[in-house]
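First comes the structure, then the notes that go with it.
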Amino acid sequence: MKRKGKVFVGISGGVDSSVSAYLLKKEGHDVHGIFVKTWSPDWLPCTWQDEKRDAMRICAALDIPFHFLDAEDAYKTEIADYMIAEYKSGRTPNPDVLCNRIIKFGVMWEYAKSHGADFIATGHYAQNNAETLVKGNDSAKDQSYFLWMIEKTLLPHILFPIGHLQKSEVRRIAEKANLFTATKKDSQGICFLGDVDMQEFLSHYIEEKEGSVINEEGVIVGKHKGAVFYTLGERHGFTITETTSERAPYYVIAKDIEKNILVVAHSPLQSTQPNEQQMLTLRNVNWFSRTDPSKQYTAQIRYHGSLIKAHIQDEKTVDLSYNGVIALGQSLVLYDGEMLVGGGIIDCVQ
């Protein structure tokens, strides 16, 4: 049990953050709610004011102080602009990972610290032992994948009040506490896009350019709106014009940004061999614990993706037993059992 202190809880207006604040107050902490305004495009329906209103309602119901933090500029320049630039370069970034490091456990922590906070808390489904992070107990909701970029020095100041709970338990707690968020629908999609399709979002910042979709033999089988809009392993968004007797879907297995070509196949696998070794070079690595080249870890290359056998060769090199396609720019996150070891951004695949 952590010592009692002044805690700033990120209140989004949803059930997870509101129950987090409720539980912390119940434990005897000096709880403050903080709503962080991020950036959203002018052409998207404006929802942040509704979310702010719900956050204020929760703080009033819990009788805790409400704080408002405008992080729009930091979000636009350090997350949205970065994401657009990565897609233009043919890579597939994960803005939610950056949002956690830069906004929730960056800008928000600095604000909270300047107001005397001992801790910050969020409604993430993850657990923190002050030295490293552990997966949330609800495997269907575990969000540790998005937290690999958090600075290790901040862990003693971070609380995840619902990380040990199942989602169903969180809703029951909210209902018993008479919180209106008990039945509120979970938000979906990327942190600032909501339900908007990524390709639709990018089309406002990257010009669409029709190109060819080819199969592994080099035969044109369809068309697309621009190779930069697609990620490896994707099976939607492009048009197949040449039909075959095989009705299996096509997956993107390669792309050429300069020639504006997508290569597709009926399987997202690079090889039919079950354990093909792939060597990944990482950048922006962040390790919570010492790694051992002789030890086998598990890795994920996408949220809720399959667990892949991995060996960490050195600080920036990981060897995977995986025969699927891997997109550059994605986060590779590594685990030792339930414990988050760290991760990095995939920079090169061999």
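Naming scheme: A, B, ... for chains in displayed order of the structure tokens; residues 1 onward per chain; ligands 1 onward as shown.
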
Practice problem: Please identify all polymer residues within 12 Å of range 83-89 of chain A, counting only C-alpha atoms, omitting same-chain residues fewer than 2 positions from it, and present them as a ChimeraX atom specification. | Solution: /A:75-81,91-99,190,192,198-199,201-208,226-231,255-258,260,327-330,345,347

Exercise. Just the strand (DSSP E) stuff from range 189-237 of chain A, please, per backbone DSSP, written as number ranges by chain.
Key: A: 211-214, 220-224

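Relative to CA of Thr298 in chain A, CA of Gly337 in chain A is found at 7.4 Å.
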
Could you produce a table of the residues of range 135-214 of chain A lying within 10 Å of range 331-334 of chain A, with the nearest pair of atoms per residue and their separation in Å rounded to one decimal, using only C-alpha atoms, ordered by chain and increasing residue number, as a Markdown table?
| residue | atom | partner | partner_atom | distance |
| --- | --- | --- | --- | --- |
| A:Ser144 | CA | A:Val333 | CA | 9.0 |
| A:Tyr145 | CA | A:Val333 | CA | 6.3 |
| A:Phe146 | CA | A:Val333 | CA | 8.7 |
| A:Leu147 | CA | A:Val333 | CA | 9.2 |
| A:Trp148 | CA | A:Val333 | CA | 6.8 |
| A:Met149 | CA | A:Val333 | CA | 9.6 |

Keeping N, CA and C atoms, export the residues of the selection given above as a PDB file, in the first residue's frame.
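Result went into out_37.pdb, see below:
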ATOM      1  N   SER A 144      -1.067  -2.183 -20.787  1.00  0.00           N
ATOM      2  CA  SER A 144       0.367  -2.011 -20.554  1.00  0.00           C
ATOM      3  C   SER A 144       1.132  -1.780 -21.854  1.00  0.00           C
ATOM      4  N   TYR A 145       0.617  -2.311 -22.964  1.00  0.00           N
ATOM      5  CA  TYR A 145       1.266  -2.128 -24.271  1.00  0.00           C
ATOM      6  C   TYR A 145       1.504  -0.649 -24.566  1.00  0.00           C
ATOM      7  N   PHE A 146       0.572   0.203 -24.163  1.00  0.00           N
ATOM      8  CA  PHE A 146       0.662   1.635 -24.478  1.00  0.00           C
ATOM      9  C   PHE A 146       1.544   2.413 -23.497  1.00  0.00           C
ATOM     10  N   LEU A 147       2.088   1.736 -22.492  1.00  0.00           N
ATOM     11  CA  LEU A 147       2.796   2.435 -21.415  1.00  0.00           C
ATOM     12  C   LEU A 147       4.302   2.221 -21.428  1.00  0.00           C
ATOM     13  N   TRP A 148       4.833   1.567 -22.461  1.00  0.00           N
ATOM     14  CA  TRP A 148       6.246   1.213 -22.445  1.00  0.00           C
ATOM     15  C   TRP A 148       7.177   2.422 -22.503  1.00  0.00           C
ATOM     16  N   MET A 149       6.678   3.574 -22.941  1.00  0.00           N
ATOM     17  CA  MET A 149       7.533   4.756 -23.080  1.00  0.00           C
ATOM     18  C   MET A 149       7.639   5.600 -21.809  1.00  0.00           C
TER      19      MET A 149
END

Quiz item: For the atom pair CA of Glu210 in chain A and CA of Lys223 in chain A, what is the interatomic distance in Å to one decimal place?
Solution: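 Computing the Euclidean distance for CA of Glu210 in chain A and CA of Lys223 in chain A yields 6.8 Å.
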
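With only C-alpha atoms as the atoms that count, the residue of A:Arg57, A:Lys52, A:Arg101, A:Lys26 with the shortest distance to Leu155 in chain A is A:Arg101.
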
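Take CA of Tyr322 in chain A and CA of Lys309 in chain A: the distance between them is 7.6 Å.
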
Quiz prompt | Asn215 in chain A environment, 8 Å, only C-alpha atoms, sequence neighbours closer than 5 positions dropped, as a list of chain:residue names | solution =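 Everything that qualifies: A:Ile220, A:Val221, A:Val263, A:Val264, A:Ala265.
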
Mind dumping the selected residues with C-alpha atoms as a PDB file, in the first residue's frame?
ATOM      1  CA  ILE A 220      -2.007  -5.724 -61.156  1.00  0.00           C
ATOM      2  CA  VAL A 221      -5.097  -6.886 -59.248  1.00  0.00           C
ATOM      3  CA  VAL A 263       1.846  -5.697 -52.782  1.00  0.00           C
ATOM      4  CA  VAL A 264      -0.885  -8.039 -51.537  1.00  0.00           C
ATOM      5  CA  ALA A 265      -1.271 -11.745 -50.845  1.00  0.00           C
TER       6      ALA A 265
END

Tell me which protein, DNA and RNA residues are within 7 Å of Val9 in chain A, counting only C-alpha atoms, leaving out same-chain ones fewer than 3 positions away, and put them as a JSON list (two decimals) with C-alpha atoms, in the first residue's frame.
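Dumped to selection_18.json:
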[["chain", "number", "residue", "atom", "x", "y", "z"],
["A", 21, "ALA", "CA", -10.75, 8.94, -8.38],
["A", 32, "HIS", "CA", -7.75, 16.36, -7.29],
["A", 33, "GLY", "CA", -9.33, 15.82, -10.70],
["A", 34, "ILE", "CA", -7.61, 17.17, -13.81],
["A", 120, "ILE", "CA", -0.67, 11.23, -10.59],
["A", 121, "ALA", "CA", -3.23, 8.53, -11.41],
["A", 122, "THR", "CA", -5.05, 7.37, -14.51]]
